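Read through the structure below, which is laid out as structure tokens, and then see the notes.
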There are 2 protein chains.
Amino acid sequence: MRTDRSRIRRLPHRGLYDAKNVYAILDCGYLAHVGFHLGVQPFVIPTLYGRRGEKLYLHGSAASRMMRHLEQGVPVCMTVTLVDGIVLARTAFNHAMNYRSVVLFGQARKIQEETSKRDALRIISEHLLPGRWDDVRAPKAKELKATSVLELVIDEASAKVRTGSPIDDEEDYDFPVWAGVIPIISEMKEPLPDPRLRKEQPIPQYVQTFIAKSKTINGSEAI
Amino acid sequence: MRTDRSRIRRLPHRGLYDAKNVYAILDCGYLAHVGFHLGVQPFVIPTLYGRRGEKLYLHGSAASRMMRHLEQGVPVCMTVTLVDGIVLARTAFNHAMNYRSVVLFGQARKIQEETSKRDALRIISEHLLPGRWDDVRAPKAKELKATSVLELVIDEASAKVRTGSPIDDEEDYDFPVWAGVIPIISEMKEPLPDPRLRKEQPIPQYVQTFIAKSKTINGSEAI
């Protein structure tokens, strides 16, 4: 997957090019920032996604400017960034973030056929919250029509990862300041029931599992 | 700040255009996704930032492709997204995210003068972790030279915010499934000291304050 376009130019020791690492990071994340060019202007829009193999799925309102533009097959850049910690060094210059990120390039196409569209929406839903799709009322034909679903084939991708402690210059290790890492976790909290929820409706097991898992995921374990 | 470029086309009731809301979201976040066009390809790169008034500051290696490109004053889109929760509705179609996001447009210029460069780096550092800058060894001339610092004047910006419970169609409220919101917090955890830290070095008060604050911030309070 490595070409000049996706080659990491800075800090090449942080660059990872194999699909296994790229997919591991994509599968840990759920929020992408999608970049495209419209007129003379770049746009960066946050969106959810799902993955099956080397294909990614995005969805949105059928009337959205982004969806209508992307479905024309224009060049797309999609970036997923997971922040794992703030790295406090002894010098301002050596401060850093621990993170995992993927920058990928491709083109999108619109999924027209209804069964494939339902499949792709299920992939996006299950990517975010496994178990939810089968538990809710499925999309009606009218809702499917109001939704645009895109398939993005990954042409190229590269991952960048930083883990671990600060790296200071040898002469700075005696500088009298605390140094280390402040870990950051994107943590799910106790669910808030909808005020209109019927009282006897329990929190599903898959929601409890999902919340518990968010508290234990550690960036360095994922790679 | 509202023009056709930044106008929210979908869900206009979620769009906020005044500077107060835009700044409140920018000040709650620390990670931006910066979009620009290079050759025939859009790029989206994660980066830290700081803000003073309507100016944003970005930094990076003086040799980085992104910095060298942006300093030419090309059109830039910068997006900051804070995810506050997953909104579980009774129907697949009505699922949503609670979030706050800012999409902004501008052009960058390189800061050449040394005092202004130090000022801007301090703004970026204090934006991420207030109190840190004065506690560490300041940048040397050689380090400043290896760092490129950009000032991005915000030309246009718009904020989007979703808060609260799912909104289902009236006929779906009886569907027998749990519905509500799973809150998400980007939470800082107990700091991990650098293995080479001198034993007597305590964790600074500003780090403890910063970690405590991350556990209490609530998306809906910020707007």
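Scheme for the structure tokens: letters A, B, ... for chains in order shown; per-chain residue numbers from 1; ligand numbers from 1 in order shown.
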I'd like a table as CSV: residues in region 150-211 of chain B with an atom no more than 10 Å from region 69-74 of chain B, each row giving the shortest atom pair and its distance in Å to one decimal, only C-alpha atoms counted, sorted by chain and rising residue number.
residue,atom,partner,partner_atom,distance
B:Leu150,CA,B:Glu71,CA,6.8
B:Glu151,CA,B:Glu71,CA,8.8
B:Leu152,CA,B:Gly73,CA,9.2
Residues of region 27-126 of chain A classed as strand (DSSP E) by DSSP on the backbone are to be reported as a PDB file with N, CA, C and O atoms, in the first residue's frame.
ATOM      1  N   LEU A  31     -15.097   7.081  14.314  1.00  0.00           N
ATOM      2  CA  LEU A  31     -15.288   8.405  13.729  1.00  0.00           C
ATOM      3  C   LEU A  31     -14.191   8.678  12.705  1.00  0.00           C
ATOM      4  O   LEU A  31     -13.012   8.561  13.021  1.00  0.00           O
ATOM      5  N   ALA A  32     -14.592   9.019  11.489  1.00  0.00           N
ATOM      6  CA  ALA A  32     -13.625   9.380  10.454  1.00  0.00           C
ATOM      7  C   ALA A  32     -13.789  10.843  10.094  1.00  0.00           C
ATOM      8  O   ALA A  32     -14.874  11.409  10.263  1.00  0.00           O
ATOM      9  N   HIS A  33     -12.731  11.445   9.620  1.00  0.00           N
ATOM     10  CA  HIS A  33     -12.813  12.773   9.009  1.00  0.00           C
ATOM     11  C   HIS A  33     -12.541  12.607   7.524  1.00  0.00           C
ATOM     12  O   HIS A  33     -11.460  12.158   7.141  1.00  0.00           O
ATOM     13  N   VAL A  34     -13.555  12.942   6.730  1.00  0.00           N
ATOM     14  CA  VAL A  34     -13.505  12.710   5.296  1.00  0.00           C
ATOM     15  C   VAL A  34     -13.183  14.019   4.589  1.00  0.00           C
ATOM     16  O   VAL A  34     -13.861  15.031   4.800  1.00  0.00           O
ATOM     17  N   GLY A  35     -12.128  13.991   3.767  1.00  0.00           N
ATOM     18  CA  GLY A  35     -11.703  15.193   3.046  1.00  0.00           C
ATOM     19  C   GLY A  35     -11.964  15.069   1.561  1.00  0.00           C
ATOM     20  O   GLY A  35     -11.738  14.009   0.976  1.00  0.00           O
ATOM     21  N   PHE A  36     -12.464  16.145   0.999  1.00  0.00           N
ATOM     22  CA  PHE A  36     -12.689  16.188  -0.445  1.00  0.00           C
ATOM     23  C   PHE A  36     -12.593  17.645  -0.895  1.00  0.00           C
ATOM     24  O   PHE A  36     -12.584  18.564  -0.071  1.00  0.00           O
ATOM     25  N   HIS A  37     -12.517  17.808  -2.197  1.00  0.00           N
ATOM     26  CA  HIS A  37     -12.343  19.125  -2.776  1.00  0.00           C
ATOM     27  C   HIS A  37     -13.618  19.484  -3.518  1.00  0.00           C
ATOM     28  O   HIS A  37     -14.122  18.683  -4.286  1.00  0.00           O
ATOM     29  N   LEU A  38     -14.119  20.678  -3.267  1.00  0.00           N
ATOM     30  CA  LEU A  38     -15.343  21.100  -3.949  1.00  0.00           C
ATOM     31  C   LEU A  38     -15.143  22.561  -4.347  1.00  0.00           C
ATOM     32  O   LEU A  38     -14.956  23.412  -3.478  1.00  0.00           O
ATOM     33  N   GLN A  41     -12.193  24.771  -2.783  1.00  0.00           N
ATOM     34  CA  GLN A  41     -12.122  24.683  -1.329  1.00  0.00           C
ATOM     35  C   GLN A  41     -12.013  23.227  -0.844  1.00  0.00           C
ATOM     36  O   GLN A  41     -12.792  22.381  -1.284  1.00  0.00           O
ATOM     37  N   PRO A  42     -11.087  22.929   0.051  1.00  0.00           N
ATOM     38  CA  PRO A  42     -11.129  21.616   0.707  1.00  0.00           C
ATOM     39  C   PRO A  42     -12.201  21.611   1.799  1.00  0.00           C
ATOM     40  O   PRO A  42     -12.450  22.637   2.436  1.00  0.00           O
ATOM     41  N   PHE A  43     -12.811  20.460   2.001  1.00  0.00           N
ATOM     42  CA  PHE A  43     -13.786  20.254   3.076  1.00  0.00           C
ATOM     43  C   PHE A  43     -13.353  19.051   3.906  1.00  0.00           C
ATOM     44  O   PHE A  43     -12.852  18.071   3.341  1.00  0.00           O
ATOM     45  N   VAL A  44     -13.578  19.132   5.202  1.00  0.00           N
ATOM     46  CA  VAL A  44     -13.307  18.003   6.101  1.00  0.00           C
ATOM     47  C   VAL A  44     -14.546  17.808   6.960  1.00  0.00           C
ATOM     48  O   VAL A  44     -14.914  18.704   7.728  1.00  0.00           O
ATOM     49  N   ILE A  45     -15.188  16.661   6.806  1.00  0.00           N
ATOM     50  CA  ILE A  45     -16.470  16.426   7.471  1.00  0.00           C
ATOM     51  C   ILE A  45     -16.383  15.154   8.319  1.00  0.00           C
ATOM     52  O   ILE A  45     -15.940  14.113   7.832  1.00  0.00           O
ATOM     53  N   PRO A  46     -16.811  15.242   9.590  1.00  0.00           N
ATOM     54  CA  PRO A  46     -16.798  14.047  10.446  1.00  0.00           C
ATOM     55  C   PRO A  46     -17.941  13.104  10.088  1.00  0.00           C
ATOM     56  O   PRO A  46     -19.055  13.563   9.806  1.00  0.00           O
ATOM     57  N   THR A  47     -17.665  11.820  10.107  1.00  0.00           N
ATOM     58  CA  THR A  47     -18.717  10.851   9.794  1.00  0.00           C
ATOM     59  C   THR A  47     -18.384   9.490  10.395  1.00  0.00           C
ATOM     60  O   THR A  47     -17.242   9.199  10.709  1.00  0.00           O
ATOM     61  N   LEU A  48     -19.418   8.678  10.584  1.00  0.00           N
ATOM     62  CA  LEU A  48     -19.220   7.298  11.029  1.00  0.00           C
ATOM     63  C   LEU A  48     -18.862   6.428   9.830  1.00  0.00           C
ATOM     64  O   LEU A  48     -19.060   6.831   8.687  1.00  0.00           O
ATOM     65  N   GLY A  50     -18.144   1.971   8.528  1.00  0.00           N
ATOM     66  CA  GLY A  50     -18.010   0.548   8.817  1.00  0.00           C
ATOM     67  C   GLY A  50     -17.011  -0.027   7.834  1.00  0.00           C
ATOM     68  O   GLY A  50     -16.723   0.596   6.809  1.00  0.00           O
ATOM     69  N   ARG A  51     -16.488  -1.213   8.118  1.00  0.00           N
ATOM     70  CA  ARG A  51     -15.491  -1.817   7.226  1.00  0.00           C
ATOM     71  C   ARG A  51     -15.828  -3.277   6.970  1.00  0.00           C
ATOM     72  O   ARG A  51     -16.271  -3.991   7.869  1.00  0.00           O
ATOM     73  N   ARG A  52     -15.662  -3.717   5.727  1.00  0.00           N
ATOM     74  CA  ARG A  52     -15.635  -5.142   5.411  1.00  0.00           C
ATOM     75  C   ARG A  52     -14.483  -5.351   4.435  1.00  0.00           C
ATOM     76  O   ARG A  52     -14.541  -4.842   3.308  1.00  0.00           O
ATOM     77  N   LYS A  55     -13.010  -2.633   1.951  1.00  0.00           N
ATOM     78  CA  LYS A  55     -14.058  -1.673   1.621  1.00  0.00           C
ATOM     79  C   LYS A  55     -14.612  -1.008   2.869  1.00  0.00           C
ATOM     80  O   LYS A  55     -14.859  -1.663   3.881  1.00  0.00           O
ATOM     81  N   LEU A  56     -14.833   0.308   2.760  1.00  0.00           N
ATOM     82  CA  LEU A  56     -15.435   1.052   3.852  1.00  0.00           C
ATOM     83  C   LEU A  56     -16.808   1.524   3.410  1.00  0.00           C
ATOM     84  O   LEU A  56     -17.048   1.737   2.215  1.00  0.00           O
ATOM     85  N   TYR A  57     -17.695   1.678   4.376  1.00  0.00           N
ATOM     86  CA  TYR A  57     -19.052   2.133   4.077  1.00  0.00           C
ATOM     87  C   TYR A  57     -19.349   3.409   4.858  1.00  0.00           C
ATOM     88  O   TYR A  57     -19.037   3.505   6.044  1.00  0.00           O
ATOM     89  N   LEU A  58     -19.924   4.377   4.162  1.00  0.00           N
ATOM     90  CA  LEU A  58     -20.319   5.654   4.761  1.00  0.00           C
ATOM     91  C   LEU A  58     -21.788   5.866   4.453  1.00  0.00           C
ATOM     92  O   LEU A  58     -22.284   5.406   3.417  1.00  0.00           O
ATOM     93  N   HIS A  59     -22.496   6.565   5.334  1.00  0.00           N
ATOM     94  CA  HIS A  59     -23.889   6.867   5.014  1.00  0.00           C
ATOM     95  C   HIS A  59     -24.227   8.298   5.413  1.00  0.00           C
ATOM     96  O   HIS A  59     -23.506   8.938   6.184  1.00  0.00           O
ATOM     97  N   GLY A  60     -25.293   8.788   4.848  1.00  0.00           N
ATOM     98  CA  GLY A  60     -25.724  10.145   5.154  1.00  0.00           C
ATOM     99  C   GLY A  60     -27.041  10.427   4.465  1.00  0.00           C
ATOM    100  O   GLY A  60     -27.582   9.563   3.759  1.00  0.00           O
ATOM    101  N   SER A  61     -27.538  11.628   4.677  1.00  0.00           N
ATOM    102  CA  SER A  61     -28.766  12.012   3.995  1.00  0.00           C
ATOM    103  C   SER A  61     -28.544  12.015   2.486  1.00  0.00           C
ATOM    104  O   SER A  61     -27.499  12.467   2.000  1.00  0.00           O
ATOM    105  N   PRO A  75     -11.660  12.032  -5.830  1.00  0.00           N
ATOM    106  CA  PRO A  75     -10.658  11.546  -4.872  1.00  0.00           C
ATOM    107  C   PRO A  75     -11.047  11.921  -3.436  1.00  0.00           C
ATOM    108  O   PRO A  75     -11.454  13.051  -3.166  1.00  0.00           O
ATOM    109  N   VAL A  76     -10.930  10.934  -2.553  1.00  0.00           N
ATOM    110  CA  VAL A  76     -11.310  11.112  -1.155  1.00  0.00           C
ATOM    111  C   VAL A  76     -10.116  10.755  -0.264  1.00  0.00           C
ATOM    112  O   VAL A  76      -9.375   9.821  -0.562  1.00  0.00           O
ATOM    113  N   CYS A  77      -9.937  11.521   0.799  1.00  0.00           N
ATOM    114  CA  CYS A  77      -8.999  11.132   1.850  1.00  0.00           C
ATOM    115  C   CYS A  77      -9.803  10.928   3.115  1.00  0.00           C
ATOM    116  O   CYS A  77     -10.658  11.752   3.453  1.00  0.00           O
ATOM    117  N   MET A  78      -9.599   9.817   3.785  1.00  0.00           N
ATOM    118  CA  MET A  78     -10.330   9.558   5.028  1.00  0.00           C
ATOM    119  C   MET A  78      -9.325   9.277   6.140  1.00  0.00           C
ATOM    120  O   MET A  78      -8.431   8.451   5.972  1.00  0.00           O
ATOM    121  N   THR A  79      -9.475   9.983   7.236  1.00  0.00           N
ATOM    122  CA  THR A  79      -8.510   9.871   8.329  1.00  0.00           C
ATOM    123  C   THR A  79      -9.217   9.492   9.624  1.00  0.00           C
ATOM    124  O   THR A  79     -10.249  10.059   9.957  1.00  0.00           O
ATOM    125  N   VAL A  80      -8.657   8.513  10.320  1.00  0.00           N
ATOM    126  CA  VAL A  80      -9.169   8.073  11.621  1.00  0.00           C
ATOM    127  C   VAL A  80      -8.041   8.239  12.629  1.00  0.00           C
ATOM    128  O   VAL A  80      -6.935   7.737  12.408  1.00  0.00           O
ATOM    129  N   THR A  81      -8.308   8.965  13.694  1.00  0.00           N
ATOM    130  CA  THR A  81      -7.278   9.248  14.694  1.00  0.00           C
ATOM    131  C   THR A  81      -7.761   8.825  16.073  1.00  0.00           C
ATOM    132  O   THR A  81      -8.831   9.249  16.506  1.00  0.00           O
ATOM    133  N   LEU A  82      -6.991   7.990  16.746  1.00  0.00           N
ATOM    134  CA  LEU A  82      -7.283   7.591  18.114  1.00  0.00           C
ATOM    135  C   LEU A  82      -6.182   8.170  18.999  1.00  0.00           C
ATOM    136  O   LEU A  82      -5.008   7.859  18.804  1.00  0.00           O
ATOM    137  N   VAL A  83      -6.565   9.025  19.941  1.00  0.00           N
ATOM    138  CA  VAL A  83      -5.571   9.627  20.826  1.00  0.00           C
ATOM    139  C   VAL A  83      -5.467   8.776  22.083  1.00  0.00           C
ATOM    140  O   VAL A  83      -6.473   8.490  22.735  1.00  0.00           O
ATOM    141  N   ASP A  84      -4.263   8.342  22.417  1.00  0.00           N
ATOM    142  CA  ASP A  84      -4.067   7.444  23.559  1.00  0.00           C
ATOM    143  C   ASP A  84      -3.395   8.112  24.754  1.00  0.00           C
ATOM    144  O   ASP A  84      -3.422   7.550  25.849  1.00  0.00           O
ATOM    145  N   GLY A  85      -2.792   9.275  24.534  1.00  0.00           N
ATOM    146  CA  GLY A  85      -2.162   9.922  25.684  1.00  0.00           C
ATOM    147  C   GLY A  85      -1.407  11.179  25.318  1.00  0.00           C
ATOM    148  O   GLY A  85      -1.106  11.436  24.150  1.00  0.00           O
ATOM    149  N   ILE A  86      -1.136  11.974  26.348  1.00  0.00           N
ATOM    150  CA  ILE A  86      -0.324  13.179  26.186  1.00  0.00           C
ATOM    151  C   ILE A  86       1.034  12.868  26.792  1.00  0.00           C
ATOM    152  O   ILE A  86       1.119  12.410  27.941  1.00  0.00           O
ATOM    153  N   VAL A  87       2.067  13.091  26.018  1.00  0.00           N
ATOM    154  CA  VAL A  87       3.424  12.719  26.427  1.00  0.00           C
ATOM    155  C   VAL A  87       4.139  13.962  26.930  1.00  0.00           C
ATOM    156  O   VAL A  87       4.458  14.869  26.156  1.00  0.00           O
ATOM    157  N   LEU A  88       4.364  14.011  28.252  1.00  0.00           N
ATOM    158  CA  LEU A  88       4.975  15.178  28.871  1.00  0.00           C
ATOM    159  C   LEU A  88       6.478  14.957  29.005  1.00  0.00           C
ATOM    160  O   LEU A  88       6.918  14.144  29.825  1.00  0.00           O
ATOM    161  N   ALA A  96       4.786  15.325  23.067  1.00  0.00           N
ATOM    162  CA  ALA A  96       4.207  14.577  21.944  1.00  0.00           C
ATOM    163  C   ALA A  96       2.856  14.026  22.365  1.00  0.00           C
ATOM    164  O   ALA A  96       2.430  14.182  23.516  1.00  0.00           O
ATOM    165  N   MET A  97       2.172  13.411  21.432  1.00  0.00           N
ATOM    166  CA  MET A  97       0.953  12.665  21.724  1.00  0.00           C
ATOM    167  C   MET A  97       1.222  11.189  21.459  1.00  0.00           C
ATOM    168  O   MET A  97       1.965  10.850  20.542  1.00  0.00           O
ATOM    169  N   ASN A  98       0.628  10.320  22.264  1.00  0.00           N
ATOM    170  CA  ASN A  98       0.538   8.911  21.876  1.00  0.00           C
ATOM    171  C   ASN A  98      -0.770   8.754  21.108  1.00  0.00           C
ATOM    172  O   ASN A  98      -1.821   9.225  21.552  1.00  0.00           O
ATOM    173  N   TYR A  99      -0.701   8.126  19.970  1.00  0.00           N
ATOM    174  CA  TYR A  99      -1.883   8.048  19.118  1.00  0.00           C
ATOM    175  C   TYR A  99      -1.720   6.915  18.125  1.00  0.00           C
ATOM    176  O   TYR A  99      -0.628   6.373  17.935  1.00  0.00           O
ATOM    177  N   ARG A 100      -2.838   6.580  17.517  1.00  0.00           N
ATOM    178  CA  ARG A 100      -2.843   5.675  16.364  1.00  0.00           C
ATOM    179  C   ARG A 100      -3.679   6.366  15.296  1.00  0.00           C
ATOM    180  O   ARG A 100      -4.789   6.812  15.589  1.00  0.00           O
ATOM    181  N   SER A 101      -3.155   6.470  14.092  1.00  0.00           N
ATOM    182  CA  SER A 101      -3.960   7.099  13.039  1.00  0.00           C
ATOM    183  C   SER A 101      -3.787   6.376  11.719  1.00  0.00           C
ATOM    184  O   SER A 101      -2.775   5.726  11.475  1.00  0.00           O
ATOM    185  N   VAL A 102      -4.814   6.477  10.923  1.00  0.00           N
ATOM    186  CA  VAL A 102      -4.786   5.948   9.558  1.00  0.00           C
ATOM    187  C   VAL A 102      -5.195   7.063   8.612  1.00  0.00           C
ATOM    188  O   VAL A 102      -6.190   7.747   8.853  1.00  0.00           O
ATOM    189  N   VAL A 103      -4.415   7.257   7.580  1.00  0.00           N
ATOM    190  CA  VAL A 103      -4.780   8.155   6.486  1.00  0.00           C
ATOM    191  C   VAL A 103      -4.934   7.283   5.247  1.00  0.00           C
ATOM    192  O   VAL A 103      -4.015   6.538   4.902  1.00  0.00           O
ATOM    193  N   LEU A 104      -6.107   7.321   4.640  1.00  0.00           N
ATOM    194  CA  LEU A 104      -6.307   6.462   3.471  1.00  0.00           C
ATOM    195  C   LEU A 104      -6.923   7.238   2.311  1.00  0.00           C
ATOM    196  O   LEU A 104      -7.563   8.275   2.498  1.00  0.00           O
ATOM    197  N   PHE A 105      -6.688   6.711   1.139  1.00  0.00           N
ATOM    198  CA  PHE A 105      -7.148   7.352  -0.098  1.00  0.00           C
ATOM    199  C   PHE A 105      -7.997   6.377  -0.889  1.00  0.00           C
ATOM    200  O   PHE A 105      -7.743   5.169  -0.874  1.00  0.00           O
ATOM    201  N   GLY A 106      -8.985   6.913  -1.576  1.00  0.00           N
ATOM    202  CA  GLY A 106      -9.810   6.060  -2.414  1.00  0.00           C
ATOM    203  C   GLY A 106     -10.863   6.870  -3.147  1.00  0.00           C
ATOM    204  O   GLY A 106     -10.835   8.106  -3.135  1.00  0.00           O
ATOM    205  N   GLN A 107     -11.752   6.163  -3.796  1.00  0.00           N
ATOM    206  CA  GLN A 107     -12.911   6.785  -4.435  1.00  0.00           C
ATOM    207  C   GLN A 107     -14.155   6.047  -3.962  1.00  0.00           C
ATOM    208  O   GLN A 107     -14.097   4.843  -3.719  1.00  0.00           O
ATOM    209  N   ALA A 108     -15.262   6.771  -3.908  1.00  0.00           N
ATOM    210  CA  ALA A 108     -16.508   6.164  -3.446  1.00  0.00           C
ATOM    211  C   ALA A 108     -17.452   5.920  -4.623  1.00  0.00           C
ATOM    212  O   ALA A 108     -17.360   6.569  -5.659  1.00  0.00           O
ATOM    213  N   ARG A 109     -18.336   4.938  -4.425  1.00  0.00           N
ATOM    214  CA  ARG A 109     -19.436   4.760  -5.366  1.00  0.00           C
ATOM    215  C   ARG A 109     -20.714   4.582  -4.563  1.00  0.00           C
ATOM    216  O   ARG A 109     -20.698   4.086  -3.430  1.00  0.00           O
ATOM    217  N   LYS A 110     -21.824   5.003  -5.160  1.00  0.00           N
ATOM    218  CA  LYS A 110     -23.111   4.921  -4.485  1.00  0.00           C
ATOM    219  C   LYS A 110     -23.657   3.494  -4.578  1.00  0.00           C
ATOM    220  O   LYS A 110     -23.595   2.882  -5.652  1.00  0.00           O
TER     221      LYS A 110
END
Which one of A:Tyr206, A:Gly39, A:Gly53, A:Glu190 sits closest to Ile123 (chain A) if you count only C-alpha atoms?
-> A:Gly53
So which residues touch Phe210 (chain A) within 10 Å, counting only C-alpha atoms, skipping near sequence neighbours fewer than 2 positions away, as an MDAnalysis selection string?
-> (chainID A and resid 128:131 188 205:208 212:215) or (chainID B and resid 182)
If you run DSSP over the backbone, which residues in region 99-175 of chain B end up helix (DSSP H, G or I)? Put them as a ChimeraX atom specification.
-> /B:114-128,133-135,141-145,170-172
